[in-house]
Every structure is written in C-alpha cells, then in structure tokens.
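Take a look at the structure below.
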Amino acid sequence: MGTGFTKNATRIDPYKNYKFQVKWDGHTVLGVMKAGPLKRTTNVITHRPGGANSTDHKTPGRTQYDGVVFERGITWDLDFETWANKVHPYAGDSSMDLVNFRKELVLEVLDEKGLVARRFFLHGCWVSEYTASPQLDSSGNAIAIESIKIELEGWERDPQSTEQDESQAVPQSS
C-alpha cells in the first residue's frame, strides 16, 4: 500500500501544520503563528435542457477565493501595519497607495527538517482587515496578537516545489 511519498517511500506521516512560513517583498515575514486555510469555492450552475426537465444538469460557474488570516505576536516589526496602511491610512482615501497596496505572497509548508514540502503563490493580495491590538485582559496569561486578513485574486501550488529527499543533511542557514 502506498504512503503518498515517492522519494521518501518509508515515510508514513503526513506533513505537520505547524511548520510553515509566509513571504512577501522578497523576505520571510517575522513571527507568523497562524495562517488560515487556502480555500476556493466554485459556484454550481444548475440548468435543465428543454425536453429533459426531470433531471438537473450541473456546470461550474464563478470561482471565489476566501480571504486568509495571518496572526502573529506583537513586536516592533511593522510589516502588518505598514501594509494595512497602504489600503486605508488614517489620513483617508487621498493617502491610499493605489500602486503598492497589492502584493504577491508565498506560503510555504515545511517538513520537520525545515525543507519546503509545498509552496503556494497567492496572487493580487491586499489587506481587508487589520487588528492592531487584541482584547487586553489584566488577569490573562497570553501573548498579545496582531492579525491581518488578506483578500486575494487566486492562488496556485508551485509545480516546481517537489518532494525533498529527507535523508539528506539540512543545508546550513546563510
């Protein structure tokens, strides 16, 4: 019985959901703790041809891509806020950055060694929601989280990201 792995045929465990990284503007975004799912939905168009009205036929209609939420602990890194401010800064509509408010993102799922197992390209992304500060609670015991929700035109899996040979040593960071 197959395991779903080709190069690592003895591997039986699927990839974990806690090893990932998000990239934009040519660098890894610091501290992202959660990334929402990549989900698309294609509407169903139901029709009945004349003379065969007892059976519905279904064809694909428009496809919609759900927004994705990214969460991270609050630090002095301002990437989330800076990007959110390009869409709607406090100064109002006249200050919106119409040229740079969209970004191309990369979401990488990593194996346990930190090698890229799957890479997704997220196209035409922009921030629709920004949470600068969570609900604060003086009796709590948690990390302060900031988040952004991005809207996107679509996403695709990188066909160039293939299964890594996990028997090899992990390359040193430079």
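Residues are referred to by chain and number: the chain letter is A, B, ... according to the order shown in the structure tokens, the number counts from 1 in that chain, and ligands are numbered separately from 1 in the order shown.
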Give the helix (DSSP H, G or I) residues of chain A, as assigned by DSSP on the backbone, as a list in words. Asp79, Phe80, Glu81, Thr82, Trp83, Ala84, Asn85, Lys86, Val87, Asp93, Ser94 and Ser95 of chain A
Using the selection just defined, write its residues with C-alpha atoms as a short mmCIF file (atom, residue, chain, number, x, y, z; two decimals), in the first residue's frame.
```
data_model
loop_
_atom_site.label_atom_id
_atom_site.label_comp_id
_atom_site.auth_asym_id
_atom_site.auth_seq_id
_atom_site.Cartn_x
_atom_site.Cartn_y
_atom_site.Cartn_z
CA ASP A 79 5.09 44.76 8.30
CA PHE A 80 1.39 44.11 9.05
CA GLU A 81 0.62 47.74 9.93
CA THR A 82 2.62 49.20 7.05
CA TRP A 83 0.80 47.04 4.51
CA ALA A 84 -2.63 47.69 6.05
CA ASN A 85 -1.94 51.44 5.93
CA LYS A 86 -1.37 51.27 2.17
CA VAL A 87 -5.01 50.27 1.72
CA ASP A 93 -8.75 57.99 0.79
CA SER A 94 -6.45 60.58 -0.75
CA SER A 95 -3.49 58.91 1.03
#
```
Can you tell me, as an mmCIF file with N, CA and C atoms, in the first residue's frame, what residues are no more than 7 Å from Lys39 in chain A when counting only C-alpha atoms, ignoring any on the same chain fewer than 2 positions away?
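Full text of out.cif as output:
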```
data_model
loop_
_atom_site.group_PDB
_atom_site.id
_atom_site.type_symbol
_atom_site.label_atom_id
_atom_site.label_comp_id
_atom_site.auth_asym_id
_atom_site.auth_seq_id
_atom_site.Cartn_x
_atom_site.Cartn_y
_atom_site.Cartn_z
ATOM 1 N N PRO A 37 -6.648 28.789 6.208
ATOM 2 C CA PRO A 37 -6.613 27.833 5.094
ATOM 3 C C PRO A 37 -6.736 28.524 3.736
ATOM 4 N N THR A 41 -13.969 28.157 -3.794
ATOM 5 C CA THR A 41 -15.278 27.567 -3.992
ATOM 6 C C THR A 41 -15.763 27.935 -5.382
ATOM 7 N N TYR A 65 -12.232 32.910 -4.128
ATOM 8 C CA TYR A 65 -11.144 32.553 -3.223
ATOM 9 C C TYR A 65 -11.391 33.234 -1.886
ATOM 10 N N ASP A 66 -11.465 32.451 -0.817
ATOM 11 C CA ASP A 66 -11.695 33.009 0.515
ATOM 12 C C ASP A 66 -10.480 33.803 0.978
#
```
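Using only C-alpha atoms, the shortest contact distance between Leu98 in chain A and any of A:Phe20, A:Trp126, A:Phe120, A:Asp56 is found at A:Trp126.
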7 Å contact set for Arg72 in chain A, only C-alpha atoms, chain neighbours under 3 positions out, as number ranges by chain: A: 31-34, 145-147
Next, the residues of the selection above should be written as an mmCIF file, in the first residue's frame with C-alpha atoms.
```cif
data_model
loop_
_atom_site.group_PDB
_atom_site.id
_atom_site.type_symbol
_atom_site.label_atom_id
_atom_site.label_comp_id
_atom_site.auth_asym_id
_atom_site.auth_seq_id
_atom_site.Cartn_x
_atom_site.Cartn_y
_atom_site.Cartn_z
ATOM 1 C CA GLY A 31 6.674 35.636 13.738
ATOM 2 C CA VAL A 32 3.600 34.422 11.842
ATOM 3 C CA MET A 33 1.980 31.910 14.219
ATOM 4 C CA LYS A 34 -1.184 31.110 12.290
ATOM 5 C CA ILE A 145 -1.665 39.009 18.903
ATOM 6 C CA GLU A 146 -1.996 41.228 15.832
ATOM 7 C CA SER A 147 -3.610 39.957 12.661
#
```
So how many Å separate CA of Asn43 in chain A and CA of His57 in chain A, to one decimal? 13.5 Å
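Of the listed residues A:Leu152, A:Leu110, A:His27, A:Phe101, the one whose atoms come nearest to Cys125 in chain A is A:Leu152, with distances taken using only C-alpha atoms.
Going from CA of Asp158 in chain A to CA of Glu112 in chain A covers 19.7 Å.
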